[in-house]
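For reference, structure_2.cif is printed below; it contains mmCIF, C-alpha atoms.
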```cif
data_work
loop_
_atom_site.label_atom_id
_atom_site.label_comp_id
_atom_site.auth_asym_id
_atom_site.auth_seq_id
_atom_site.Cartn_x
_atom_site.Cartn_y
_atom_site.Cartn_z
CA MET A 224 0.00 0.00 0.00
CA LEU A 225 1.29 3.40 -0.91
CA ASN A 226 1.62 5.95 1.80
CA ASN A 227 -1.03 8.53 2.49
CA ARG A 228 0.64 11.56 0.98
CA LEU A 229 1.34 9.84 -2.30
CA ILE A 230 -2.27 8.69 -2.56
CA GLU A 231 -3.52 12.18 -1.81
CA PHE A 232 -1.18 13.59 -4.43
CA TRP A 233 -2.38 11.23 -7.14
CA VAL A 234 -6.03 11.77 -6.28
CA GLY A 235 -5.34 15.49 -6.53
CA VAL A 236 -3.79 14.98 -9.96
CA PHE A 237 -6.80 12.86 -10.97
CA VAL A 238 -9.37 15.43 -9.87
CA ILE A 239 -7.48 18.33 -11.45
CA ALA A 240 -7.09 16.41 -14.72
CA GLY A 241 -10.83 15.67 -14.70
CA LEU A 242 -11.72 19.31 -14.13
CA VAL A 243 -9.27 20.44 -16.82
CA ALA A 244 -10.92 17.97 -19.22
CA LEU A 245 -14.35 19.40 -18.37
CA THR A 246 -13.13 22.95 -18.90
CA MET A 247 -11.66 21.95 -22.24
CA LEU A 248 -14.97 20.38 -23.24
CA ALA A 249 -16.69 23.64 -22.37
CA PHE A 250 -14.31 26.09 -24.03
CA ARG A 251 -12.16 24.26 -26.55
CA VAL A 252 -14.74 21.80 -27.89
CA SER A 253 -18.07 23.56 -27.57
CA ASN A 254 -16.92 27.18 -27.30
CA LEU A 255 -19.25 28.12 -24.50
CA THR A 256 -18.35 31.82 -24.63
CA ALA A 257 -19.43 32.21 -28.24
CA MET A 258 -22.78 30.59 -27.51
CA GLU A 259 -24.02 33.27 -25.22
CA THR A 260 -25.33 36.49 -26.62
CA VAL A 261 -24.30 39.08 -24.10
CA ASP A 262 -27.07 41.52 -23.28
CA GLY A 263 -28.56 41.02 -26.71
CA TYR A 264 -31.67 42.49 -28.29
CA LYS A 265 -34.33 40.89 -30.42
CA VAL A 266 -35.68 42.00 -33.76
CA THR A 267 -38.10 40.17 -36.01
CA ALA A 268 -38.13 39.55 -39.74
CA ARG A 269 -40.88 38.10 -41.90
CA PHE A 270 -40.06 35.65 -44.63
CA ASN A 271 -42.27 34.02 -47.23
CA ASN A 272 -40.19 30.90 -46.97
CA VAL A 273 -37.50 30.08 -44.41
CA GLY A 274 -36.35 26.90 -46.16
CA GLN A 275 -34.29 24.77 -43.81
CA LEU A 276 -33.50 27.57 -41.36
CA LYS A 277 -33.36 26.32 -37.80
CA VAL A 278 -33.41 27.87 -34.35
CA LYS A 279 -29.84 28.72 -33.22
CA ALA A 280 -28.72 29.28 -36.80
CA PRO A 281 -26.13 32.07 -37.00
CA ILE A 282 -26.86 35.63 -38.07
CA THR A 283 -24.06 37.35 -39.91
CA LEU A 284 -23.34 40.88 -41.03
CA ALA A 285 -20.56 41.23 -43.59
CA GLY A 286 -19.70 37.62 -42.82
CA VAL A 287 -19.17 38.21 -39.11
CA ARG A 288 -21.44 36.36 -36.75
CA ILE A 289 -23.46 38.83 -34.72
CA GLY A 290 -26.21 36.67 -33.23
CA ARG A 291 -28.48 33.68 -33.45
CA VAL A 292 -31.99 32.85 -34.55
CA SER A 293 -33.95 32.47 -31.34
CA GLU A 294 -37.42 31.60 -32.59
CA ILE A 295 -39.29 30.73 -35.78
CA VAL A 296 -43.10 30.89 -35.73
CA PHE A 297 -45.79 30.78 -38.37
CA ASP A 298 -48.10 33.77 -38.77
CA SER A 299 -51.41 32.28 -39.81
CA ASP A 300 -52.88 35.64 -40.93
CA LYS A 301 -50.24 36.49 -43.48
CA TYR A 302 -49.04 32.97 -44.19
CA GLN A 303 -45.50 34.00 -43.43
CA ALA A 304 -42.79 32.81 -41.11
CA VAL A 305 -41.79 35.23 -38.37
CA VAL A 306 -38.16 34.77 -37.43
CA THR A 307 -36.88 36.32 -34.20
CA LEU A 308 -33.23 37.34 -34.46
CA GLU A 309 -31.27 37.73 -31.25
CA ILE A 310 -28.38 40.07 -31.91
CA ASP A 311 -25.46 40.43 -29.55
CA GLY A 312 -25.35 43.64 -27.51
CA ARG A 313 -21.95 44.53 -28.96
CA PHE A 314 -23.55 45.18 -32.33
CA ARG A 315 -25.95 48.03 -31.64
CA LYS A 316 -25.25 50.22 -34.63
CA ILE A 317 -27.17 48.38 -37.31
CA PRO A 318 -29.28 50.71 -39.52
CA ARG A 319 -33.05 50.24 -39.30
CA ASP A 320 -33.46 49.73 -43.03
CA SER A 321 -31.05 46.80 -43.13
CA SER A 322 -32.26 43.81 -45.08
CA ALA A 323 -32.22 40.16 -44.08
CA SER A 324 -31.85 37.22 -46.41
CA ILE A 325 -31.64 33.51 -45.81
CA LEU A 326 -28.43 32.18 -47.29
CA THR A 327 -26.73 28.83 -47.45
CA ALA A 328 -23.19 28.17 -46.26
CA GLY A 329 -21.65 26.27 -49.15
CA LEU A 330 -23.65 24.27 -51.65
CA LEU A 331 -25.18 21.83 -49.18
CA GLY A 332 -24.35 23.63 -45.95
CA GLU A 333 -26.60 24.84 -43.22
CA GLN A 334 -28.71 27.92 -43.70
CA TYR A 335 -28.13 31.17 -41.90
CA VAL A 336 -29.50 34.70 -41.87
CA GLY A 337 -27.35 37.28 -43.62
CA LEU A 338 -27.96 40.95 -42.87
CA GLU A 339 -27.07 43.70 -45.33
CA ALA A 340 -26.53 47.07 -43.71
CA GLY A 341 -28.82 49.85 -44.93
CA ALA A 342 -28.23 53.59 -44.88
CA ASP A 343 -30.70 54.76 -42.21
CA GLU A 344 -29.38 57.08 -39.53
CA GLU A 345 -31.39 55.31 -36.85
CA PHE A 346 -30.31 51.98 -35.46
CA LEU A 347 -32.23 48.78 -34.76
CA ARG A 348 -33.61 48.41 -31.26
CA GLN A 349 -35.33 45.73 -29.22
CA GLY A 350 -38.64 44.74 -30.82
CA ASP A 351 -38.00 46.33 -34.20
CA SER A 352 -38.96 44.54 -37.36
CA LEU A 353 -36.88 44.26 -40.52
CA MET A 354 -38.85 45.39 -43.57
CA LEU A 355 -36.70 44.10 -46.38
CA THR A 356 -36.33 40.35 -46.46
CA GLN A 357 -35.41 37.78 -49.02
CA SER A 358 -36.60 34.21 -48.65
CA ALA A 359 -34.55 31.09 -48.85
CA LEU A 360 -33.80 29.79 -52.30
CA VAL A 361 -35.58 26.52 -52.85
CA LEU A 362 -33.53 24.35 -55.14
CA GLU A 363 -36.52 22.64 -56.75
CA LYS A 364 -38.05 25.98 -57.76
CA LEU A 365 -34.76 27.17 -59.23
CA ILE A 366 -34.45 24.02 -61.29
CA GLY A 367 -38.09 24.36 -62.33
CA GLN A 368 -37.45 27.93 -63.55
CA LEU A 369 -34.28 26.86 -65.32
CA VAL A 370 -36.10 24.07 -67.13
CA ALA A 371 -38.94 26.43 -68.07
CA ASN A 372 -36.46 29.01 -69.39
CA LEU A 373 -34.62 26.40 -71.40
CA ALA A 374 -37.88 25.11 -72.83
CA SER A 375 -39.08 28.60 -73.82
CA SER A 376 -35.74 29.61 -75.33
CA SER A 377 -35.53 26.44 -77.37
CA GLY A 378 -39.16 26.98 -78.44
CA LYS A 379 -38.23 30.42 -79.94
CA LYS A 380 -35.67 28.95 -82.27
CA MET B 98 -46.32 -31.36 -7.01
CA THR B 99 -44.90 -31.22 -10.48
CA ASP B 100 -42.30 -28.67 -11.37
CA THR B 101 -43.31 -27.41 -14.79
CA ALA B 102 -41.55 -24.84 -16.94
CA VAL B 103 -44.17 -22.28 -15.90
CA HIS B 104 -43.34 -22.86 -12.25
CA ARG B 105 -39.68 -22.42 -12.94
CA ILE B 106 -40.23 -19.17 -14.83
CA GLY B 107 -42.45 -17.92 -12.05
CA ARG B 108 -39.90 -18.81 -9.40
CA TRP B 109 -37.16 -17.14 -11.39
CA ALA B 110 -39.21 -13.96 -11.82
CA LEU B 111 -40.13 -13.84 -8.14
CA ALA B 112 -36.48 -14.28 -7.15
CA ARG B 113 -35.54 -11.39 -9.48
CA ILE B 114 -38.18 -9.14 -7.95
CA VAL B 115 -37.12 -10.00 -4.40
CA ARG B 116 -33.52 -9.28 -5.32
CA LEU B 117 -34.47 -5.95 -6.88
CA GLY B 118 -36.28 -5.14 -3.64
CA HIS B 119 -33.16 -5.98 -1.63
CA ALA B 120 -31.05 -3.84 -3.95
CA THR B 121 -33.44 -0.90 -3.54
CA ALA B 122 -33.57 -1.20 0.25
CA PHE B 123 -29.77 -1.41 0.20
CA LEU B 124 -29.61 1.70 -1.98
CA HIS B 125 -31.76 3.60 0.51
CA VAL B 126 -29.42 2.80 3.40
CA LEU B 127 -26.41 3.46 1.18
CA LEU B 128 -27.65 6.91 0.13
CA VAL B 129 -28.43 7.89 3.72
CA ARG B 130 -24.96 6.75 4.84
CA SER B 131 -23.22 8.46 1.93
CA TRP B 132 -25.13 11.68 2.55
CA ARG B 133 -24.10 11.67 6.20
CA LEU B 134 -20.41 11.06 5.47
CA PRO B 135 -19.40 14.74 5.32
CA SER B 136 -21.68 15.79 8.18
CA ARG B 137 -20.22 13.45 10.76
CA PRO B 138 -18.88 15.11 13.91
CA GLY B 139 -15.37 16.60 13.92
CA PRO B 140 -12.58 14.09 13.37
CA ALA B 141 -14.99 11.50 11.95
CA ALA B 142 -15.67 13.74 8.95
CA ALA B 143 -11.96 14.09 8.22
CA LYS B 144 -11.60 10.36 8.52
CA ALA B 145 -14.52 9.81 6.15
CA ALA B 146 -12.88 12.20 3.69
CA ARG B 147 -9.65 10.22 3.89
CA LEU B 148 -11.58 6.99 3.26
CA VAL B 149 -13.15 8.52 0.15
CA VAL B 150 -9.76 9.79 -1.05
CA HIS B 151 -8.27 6.32 -0.66
CA GLN B 152 -11.11 4.86 -2.68
CA LEU B 153 -10.78 7.58 -5.29
CA PHE B 154 -7.23 6.38 -5.70
CA SER B 155 -8.07 2.72 -6.22
CA VAL B 156 -11.27 3.36 -8.18
CA GLY B 157 -10.31 6.45 -10.15
CA VAL B 158 -6.56 6.85 -10.45
CA LEU B 159 -5.84 3.20 -11.14
CA THR B 160 -8.52 3.15 -13.85
CA LEU B 161 -6.94 6.15 -15.55
CA ALA B 162 -4.47 4.17 -17.66
CA ILE B 163 -7.03 1.97 -19.38
CA ILE B 164 -9.37 4.94 -19.90
CA LEU B 165 -6.71 7.12 -21.50
CA VAL B 166 -5.33 4.36 -23.72
CA SER B 167 -8.82 3.34 -24.87
CA GLY B 168 -9.77 6.97 -25.36
CA ILE B 169 -6.89 7.76 -27.66
CA PHE B 170 -7.45 4.60 -29.70
CA VAL B 171 -11.19 5.13 -29.99
CA GLY B 172 -10.49 8.70 -31.12
CA MET B 173 -7.94 7.57 -33.67
CA VAL B 174 -10.26 4.91 -35.08
CA LEU B 175 -13.08 7.46 -35.29
CA GLY B 176 -10.74 9.82 -37.11
CA LEU B 177 -9.69 7.17 -39.60
CA GLN B 178 -13.14 5.72 -40.20
CA GLY B 179 -14.80 9.11 -40.25
CA TYR B 180 -12.27 10.49 -42.71
CA ASN B 181 -12.68 7.58 -45.11
CA THR B 182 -16.46 7.92 -45.03
CA LEU B 183 -16.60 11.71 -45.20
CA VAL B 184 -14.03 12.02 -47.99
CA ASP B 185 -16.47 10.26 -50.34
CA PHE B 186 -18.86 13.17 -49.87
CA GLY B 187 -16.13 15.78 -50.00
CA SER B 188 -16.92 16.86 -46.46
CA GLU B 189 -13.82 15.75 -44.59
CA ALA B 190 -13.84 19.23 -43.08
CA SER B 191 -16.55 17.97 -40.73
CA LEU B 192 -14.24 15.35 -39.26
CA GLY B 193 -13.68 17.30 -36.04
CA LEU B 194 -17.41 17.68 -35.58
CA LEU B 195 -18.03 13.98 -36.18
CA VAL B 196 -15.36 12.90 -33.71
CA ALA B 197 -16.41 15.43 -31.06
CA LEU B 198 -20.14 14.68 -31.27
CA SER B 199 -19.67 10.90 -31.21
CA LEU B 200 -17.41 11.18 -28.18
CA THR B 201 -19.26 13.76 -26.11
CA ARG B 202 -22.72 12.36 -26.70
CA GLU B 203 -22.18 8.62 -26.69
CA LEU B 204 -18.81 6.97 -26.73
CA GLY B 205 -17.22 9.00 -23.94
CA PRO B 206 -19.71 8.17 -21.20
CA VAL B 207 -20.71 4.71 -22.45
CA VAL B 208 -17.29 3.22 -23.17
CA THR B 209 -15.92 4.74 -19.97
CA ALA B 210 -18.76 3.19 -17.98
CA LEU B 211 -18.21 -0.24 -19.58
CA LEU B 212 -14.47 -0.13 -18.91
CA PHE B 213 -15.11 1.19 -15.43
CA ALA B 214 -17.48 -1.70 -14.69
CA GLY B 215 -14.82 -4.13 -15.83
CA ARG B 216 -11.84 -2.50 -14.16
CA ALA B 217 -13.17 -0.86 -10.99
CA GLY B 218 -16.64 -2.39 -10.50
CA SER B 219 -15.38 -5.95 -10.47
CA ALA B 220 -12.61 -5.01 -8.02
CA LEU B 221 -15.13 -3.36 -5.70
CA THR B 222 -17.38 -6.41 -5.72
CA ALA B 223 -14.51 -8.84 -5.18
CA GLU B 224 -13.09 -6.77 -2.33
CA ILE B 225 -16.38 -6.36 -0.49
CA GLY B 226 -17.38 -9.97 -1.20
CA LEU B 227 -14.12 -11.24 0.20
CA MET B 228 -14.50 -9.04 3.27
CA LYS B 229 -17.87 -10.65 3.77
CA ALA B 230 -16.55 -14.16 3.15
CA THR B 231 -13.74 -13.69 5.67
CA GLU B 232 -16.25 -12.20 8.12
CA GLN B 233 -14.52 -8.85 8.29
CA LEU B 234 -17.84 -7.06 7.84
CA ALA B 235 -19.37 -9.07 10.69
CA GLY B 236 -16.26 -8.34 12.77
CA MET B 237 -16.72 -4.61 12.24
CA GLU B 238 -20.28 -4.82 13.42
CA MET B 239 -19.08 -6.63 16.54
CA MET B 240 -16.79 -3.66 17.21
CA ALA B 241 -19.71 -1.25 16.72
CA VAL B 242 -18.29 0.01 13.44
CA ASN B 243 -20.94 0.27 10.78
CA PRO B 244 -19.52 -1.43 7.67
CA MET B 245 -21.94 0.61 5.56
CA THR B 246 -20.22 3.83 6.66
CA ARG B 247 -16.71 2.45 6.94
CA VAL B 248 -16.53 0.28 3.80
CA ILE B 249 -19.45 0.58 1.42
CA ALA B 250 -20.39 4.27 1.32
CA PRO B 251 -16.84 5.61 0.60
CA ARG B 252 -16.51 3.19 -2.31
CA PHE B 253 -19.88 4.20 -3.70
CA VAL B 254 -19.12 7.92 -3.41
CA ALA B 255 -15.70 7.43 -5.02
CA GLY B 256 -17.26 5.61 -7.98
CA LEU B 257 -19.90 8.30 -8.35
CA ILE B 258 -17.24 11.04 -8.46
CA SER B 259 -14.75 9.17 -10.62
CA LEU B 260 -16.87 8.15 -13.57
CA PRO B 261 -17.88 11.59 -14.87
CA LEU B 262 -14.28 12.80 -14.53
CA LEU B 263 -12.97 9.74 -16.34
CA ALA B 264 -15.59 10.19 -19.07
CA ALA B 265 -14.53 13.81 -19.59
CA MET B 266 -10.88 12.77 -19.87
CA PHE B 267 -11.79 9.97 -22.27
CA THR B 268 -13.66 12.43 -24.48
CA VAL B 269 -10.88 15.01 -24.54
CA ILE B 270 -8.13 12.50 -25.22
CA GLY B 271 -10.30 10.88 -27.90
CA ILE B 272 -10.73 14.23 -29.65
CA TYR B 273 -6.95 14.60 -29.66
CA GLY B 274 -6.68 11.04 -31.00
CA GLY B 275 -8.94 12.06 -33.86
CA TYR B 276 -6.77 15.15 -34.31
CA VAL B 277 -3.61 13.06 -34.58
CA VAL B 278 -5.05 10.87 -37.31
CA GLY B 279 -7.19 13.43 -39.12
CA VAL B 280 -4.96 16.50 -39.04
CA ILE B 281 -1.42 15.25 -38.63
CA GLN B 282 -1.66 12.09 -40.66
CA LEU B 283 -4.44 12.60 -43.21
CA GLY B 284 -4.08 16.32 -43.76
CA VAL B 285 -7.39 17.83 -42.65
CA ASP B 286 -6.82 21.48 -41.86
CA ALA B 287 -6.25 22.02 -38.14
CA GLY B 288 -8.26 25.24 -38.02
CA VAL B 289 -11.19 23.61 -39.76
CA TYR B 290 -11.04 20.61 -37.43
CA TRP B 291 -11.50 22.83 -34.37
CA SER B 292 -13.74 25.54 -35.81
CA GLN B 293 -16.39 23.17 -37.17
CA MET B 294 -16.39 21.48 -33.78
CA GLN B 295 -16.75 24.69 -31.80
CA ASP B 296 -19.41 25.89 -34.18
CA ARG B 297 -21.72 22.94 -33.92
CA VAL B 298 -21.08 21.23 -30.59
CA ASP B 299 -23.59 22.72 -28.21
CA PHE B 300 -22.50 23.12 -24.60
CA TYR B 301 -25.85 22.23 -23.08
CA ASP B 302 -27.18 19.71 -25.59
CA ASP B 303 -23.95 17.79 -26.03
CA VAL B 304 -21.42 18.43 -23.28
CA VAL B 305 -23.80 18.75 -20.33
CA ASN B 306 -25.96 15.85 -21.50
CA GLY B 307 -22.84 13.70 -21.82
CA LEU B 308 -21.88 14.72 -18.31
CA ILE B 309 -25.35 13.79 -17.01
CA LYS B 310 -24.92 10.38 -18.59
CA GLY B 311 -21.56 10.03 -16.86
CA VAL B 312 -23.08 10.83 -13.46
CA VAL B 313 -26.00 8.43 -13.98
CA PHE B 314 -23.67 5.64 -15.13
CA GLY B 315 -21.36 6.30 -12.17
CA PHE B 316 -24.33 5.97 -9.85
CA VAL B 317 -25.66 2.77 -11.39
CA VAL B 318 -22.33 0.98 -11.85
CA SER B 319 -21.14 1.81 -8.32
CA TRP B 320 -24.48 0.79 -6.85
CA ILE B 321 -24.48 -2.55 -8.66
CA ALA B 322 -20.84 -3.20 -7.74
CA VAL B 323 -21.17 -2.57 -4.01
CA PHE B 324 -24.55 -4.31 -3.81
CA GLU B 325 -23.30 -7.46 -5.53
CA GLY B 326 -20.34 -7.54 -3.15
CA TYR B 327 -22.45 -6.96 -0.06
CA ASP B 328 -25.08 -9.47 -1.17
CA SER B 329 -22.67 -12.15 -2.40
CA VAL B 330 -22.70 -15.71 -1.11
CA PRO B 331 -19.76 -15.75 1.32
CA THR B 332 -17.75 -18.47 -0.39
CA SER B 333 -15.02 -18.42 -3.06
CA ALA B 334 -17.52 -19.51 -5.69
CA GLY B 335 -20.05 -16.96 -4.43
CA VAL B 336 -17.57 -14.08 -4.72
CA ALA B 337 -16.55 -15.24 -8.19
CA SER B 338 -20.13 -15.32 -9.46
CA ALA B 339 -20.92 -11.99 -7.79
CA THR B 340 -17.98 -10.40 -9.64
CA THR B 341 -19.21 -11.81 -12.92
CA ARG B 342 -22.72 -10.57 -12.23
CA THR B 343 -21.41 -7.09 -11.51
CA VAL B 344 -19.73 -6.81 -14.89
CA VAL B 345 -22.65 -8.32 -16.80
CA SER B 346 -25.50 -6.47 -15.14
CA ALA B 347 -23.63 -3.17 -14.90
CA SER B 348 -22.81 -3.31 -18.63
CA LEU B 349 -26.39 -4.18 -19.55
CA ALA B 350 -27.73 -1.44 -17.28
CA VAL B 351 -25.39 1.10 -18.86
CA LEU B 352 -26.42 0.17 -22.40
CA GLY B 353 -30.13 0.12 -21.58
CA LEU B 354 -30.04 3.40 -19.66
CA ASP B 355 -28.01 4.98 -22.42
CA PHE B 356 -30.74 4.25 -24.93
CA ILE B 357 -33.44 5.62 -22.64
CA MET B 358 -31.48 8.76 -21.81
CA THR B 359 -30.59 9.36 -25.44
CA ALA B 360 -34.25 9.03 -26.38
CA LEU B 361 -35.23 11.50 -23.66
CA MET B 362 -32.48 14.00 -24.50
CA MET B 363 -32.71 13.87 -28.28
CA GLY B 364 -36.32 12.78 -28.68
CA GLY B 365 -37.78 16.28 -28.84
CA SER B 366 -35.57 17.81 -31.47
#
```

Starting from the file, lay out its structure as structure tokens.
Amino acid sequence: MLNNRLIEFWVGVFVIAGLVALTMLAFRVSNLTAMETVDGYKVTARFNNVGQLKVKAPITLAGVRIGRVSEIVFDSDKYQAVVTLEIDGRFRKIPRDSSASILTAGLLGEQYVGLEAGADEEFLRQGDSLMLTQSALVLEKLIGQLVANLASSSGKK
Amino acid sequence: MTDTAVHRIGRWALARIVRLGHATAFLHVLLVRSWRLPSRPGPAAAKAARLVVHQLFSVGVLTLAIILVSGIFVGMVLGLQGYNTLVDFGSEASLGLLVALSLTRELGPVVTALLFAGRAGSALTAEIGLMKATEQLAGMEMMAVNPMTRVIAPRFVAGLISLPLLAAMFTVIGIYGGYVVGVIQLGVDAGVYWSQMQDRVDFYDDVVNGLIKGVVFGFVVSWIAVFEGYDSVPTSAGVASATTRTVVSASLAVLGLDFIMTALMMGGS
């Protein structure tokens, strides 16, 4: 049997290693700090079609992530999807007439909300609604249009 | 009185139920004793702490080697297999994500619990069973020392603490195993390996849920191990079969509970 101090030392090493592993899981693997929106504010945007957009999808402005989608609900009066965007408190100077579009990261990647800055002098605040939106591109519709265009152009010949 | 197959099945089922009842009653006493360990008066609390530390050494520290070695190999295999599958779809950039999600959600807690049942659980059962067979437990009672407090509860608490920590270490070392194969050997970009992982591994849904699994498995495996030891037939053959039962039933319990917990955690989304 090892003596007491050695046992205590190794148990100390064991517990510290376990806690270090947990911290690494939190910050190195899952990036806990980037998950939280610090003192954020919520704005809404209406889309005719949100495609495959999911809650927690990123919101970017000029390619920089500034927040996350916090809620997607269906408005049964206007037959539109109302997407709530939670934007980090560090990004307060976004013009009110900015536009939102649903974009895809890569050809088959996940969908995210891309904001385009407008020119308004006033900035977005909690509860505001984005007026200009562009829906997700649905691949089937695009192909349908392409086929229709091809058919009509070959019909003209 | 004829002994038909139906009788035998009935007798078997009744014996199972009685045993489950014993195990639950045992768990009740065990939890009460474990809860009271830190709140014992003065020097007794320090002594209880030292007992738990000693058990942490034999249950946790001595299990470390097998956990770390298995972790790095599981990670490397995941890296290799994942790369070869993903490269067909041109998405080998997601390798880090694949390795990290597999490990945090499933393989980390489950494989750790299975190894733990084999390495530490069997040792706990054999030790307690042998103490019972050599009448050390009865001797303690004669000296007005409660074997539940002196022997069983510290081992249970140590198992409960060790398993989540071991599972976290397994996961982290496995992710580095995947890194060694994927990034260093097969040429996935290091930045992509980590950034995809950080982007898509959710702290609450993946890391915390994996941790919850670790705690639950630690609870169940330790409970089964100390109960089988305490309840063993006090002979050499009895201790041997109790040790076997610990490994078998703890492994089955881990796999079954893992499915149920996964269904509960992932079912909604």

*asked:* Please identify all residues of chain B having at least one atom at most 9 Å from any atom of chain A, considering all atoms listed in the file, and return them as an MDAnalysis selection string.
replied: chainID B and resid 147 150:151 153:154 157:158 161 197 201 259 261:270 272 291:292 294:301 303:305 308

*Return as JSON, numbers by chain the set of residues that the PyMOL selection byres ((chain A and resi 351) around 10) yields on the displayed structure.*
{"A": [264, 265, 266, 267, 268, 319, 346, 347, 348, 349, 350, 352, 353, 354]}

I need the residue set behind the PyMOL selection byres ((chain B and resi 314) around 10) for this file; please write it as a PDB file with C-alpha atoms, in the frame of the given file.
```
ATOM      1  CA  PRO B 206     -19.710   8.170 -21.200  1.00  0.00           C
ATOM      2  CA  VAL B 207     -20.710   4.710 -22.450  1.00  0.00           C
ATOM      3  CA  THR B 209     -15.920   4.740 -19.970  1.00  0.00           C
ATOM      4  CA  ALA B 210     -18.760   3.190 -17.980  1.00  0.00           C
ATOM      5  CA  LEU B 211     -18.210  -0.240 -19.580  1.00  0.00           C
ATOM      6  CA  PHE B 213     -15.110   1.190 -15.430  1.00  0.00           C
ATOM      7  CA  ALA B 214     -17.480  -1.700 -14.690  1.00  0.00           C
ATOM      8  CA  GLY B 256     -17.260   5.610  -7.980  1.00  0.00           C
ATOM      9  CA  LEU B 257     -19.900   8.300  -8.350  1.00  0.00           C
ATOM     10  CA  LEU B 260     -16.870   8.150 -13.570  1.00  0.00           C
ATOM     11  CA  PRO B 261     -17.880  11.590 -14.870  1.00  0.00           C
ATOM     12  CA  LEU B 308     -21.880  14.720 -18.310  1.00  0.00           C
ATOM     13  CA  ILE B 309     -25.350  13.790 -17.010  1.00  0.00           C
ATOM     14  CA  LYS B 310     -24.920  10.380 -18.590  1.00  0.00           C
ATOM     15  CA  GLY B 311     -21.560  10.030 -16.860  1.00  0.00           C
ATOM     16  CA  VAL B 312     -23.080  10.830 -13.460  1.00  0.00           C
ATOM     17  CA  VAL B 313     -26.000   8.430 -13.980  1.00  0.00           C
ATOM     18  CA  GLY B 315     -21.360   6.300 -12.170  1.00  0.00           C
ATOM     19  CA  PHE B 316     -24.330   5.970  -9.850  1.00  0.00           C
ATOM     20  CA  VAL B 317     -25.660   2.770 -11.390  1.00  0.00           C
ATOM     21  CA  VAL B 318     -22.330   0.980 -11.850  1.00  0.00           C
ATOM     22  CA  SER B 319     -21.140   1.810  -8.320  1.00  0.00           C
ATOM     23  CA  TRP B 320     -24.480   0.790  -6.850  1.00  0.00           C
ATOM     24  CA  ALA B 347     -23.630  -3.170 -14.900  1.00  0.00           C
ATOM     25  CA  SER B 348     -22.810  -3.310 -18.630  1.00  0.00           C
ATOM     26  CA  ALA B 350     -27.730  -1.440 -17.280  1.00  0.00           C
ATOM     27  CA  VAL B 351     -25.390   1.100 -18.860  1.00  0.00           C
ATOM     28  CA  LEU B 352     -26.420   0.170 -22.400  1.00  0.00           C
ATOM     29  CA  LEU B 354     -30.040   3.400 -19.660  1.00  0.00           C
ATOM     30  CA  ASP B 355     -28.010   4.980 -22.420  1.00  0.00           C
TER      31      ASP B 355
END
```

_If I take CA of Asp298 in chain A and CA of Val361 in chain A, how far is one from the other in Å, to one decimal?_
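About the pair CA of Asp298 in chain A and CA of Val361 in chain A: they are 20.2 Å apart.
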
*Please, what distance in Å, to one decimal, runs between CA of Ala360 in chain B and CA of Ser219 in chain B?*
28.9 Å

_If we count all atoms listed in the file and set the cut-off at 12 Å, which residues sit around Glu339 in chain A, ignoring sequence neighbours fewer than 2 positions away in its own chain? Please answer as a PyMOL selection string._
chain A and resi 282-287+317-326+336-337+341-342+353+355-357

*Go ahead and compute the interatomic distance for CA of Thr343 in chain B and CA of Ala322 in chain B, in Å to one decimal.*
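Distance reported for this atom pair: 5.4 Å.
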
_Target residues per the PyMOL selection byres ((chain B and resi 129-139) around 7), formatted as a PyMOL selection string_ = chain B and resi 125-128+140-142+145+245-246+250+254

*Pick out the residues sitting within 12 Å of Val196 in chain B, and hand them over as JSON, numbers by chain; count all atoms listed in the file, and ignore anything fewer than 5 positions along from it in its own chain.*
{"A": [252], "B": [168, 169, 171, 172, 173, 174, 175, 176, 177, 178, 179, 180, 183, 189, 190, 191, 201, 202, 203, 204, 205, 268, 269, 270, 271, 272, 273, 274, 275, 276, 277, 278, 279, 290, 291, 293, 294, 297, 298]}

*Please identify all polymer residues within 8 Å of range 273-275 of chain A, counting all atoms listed in the file, omitting same-chain residues fewer than 2 positions from it, and present them as an NGL selection string.*
:A and (270-271 or 277 or 304 or 325 or 333-334 or 358-361)
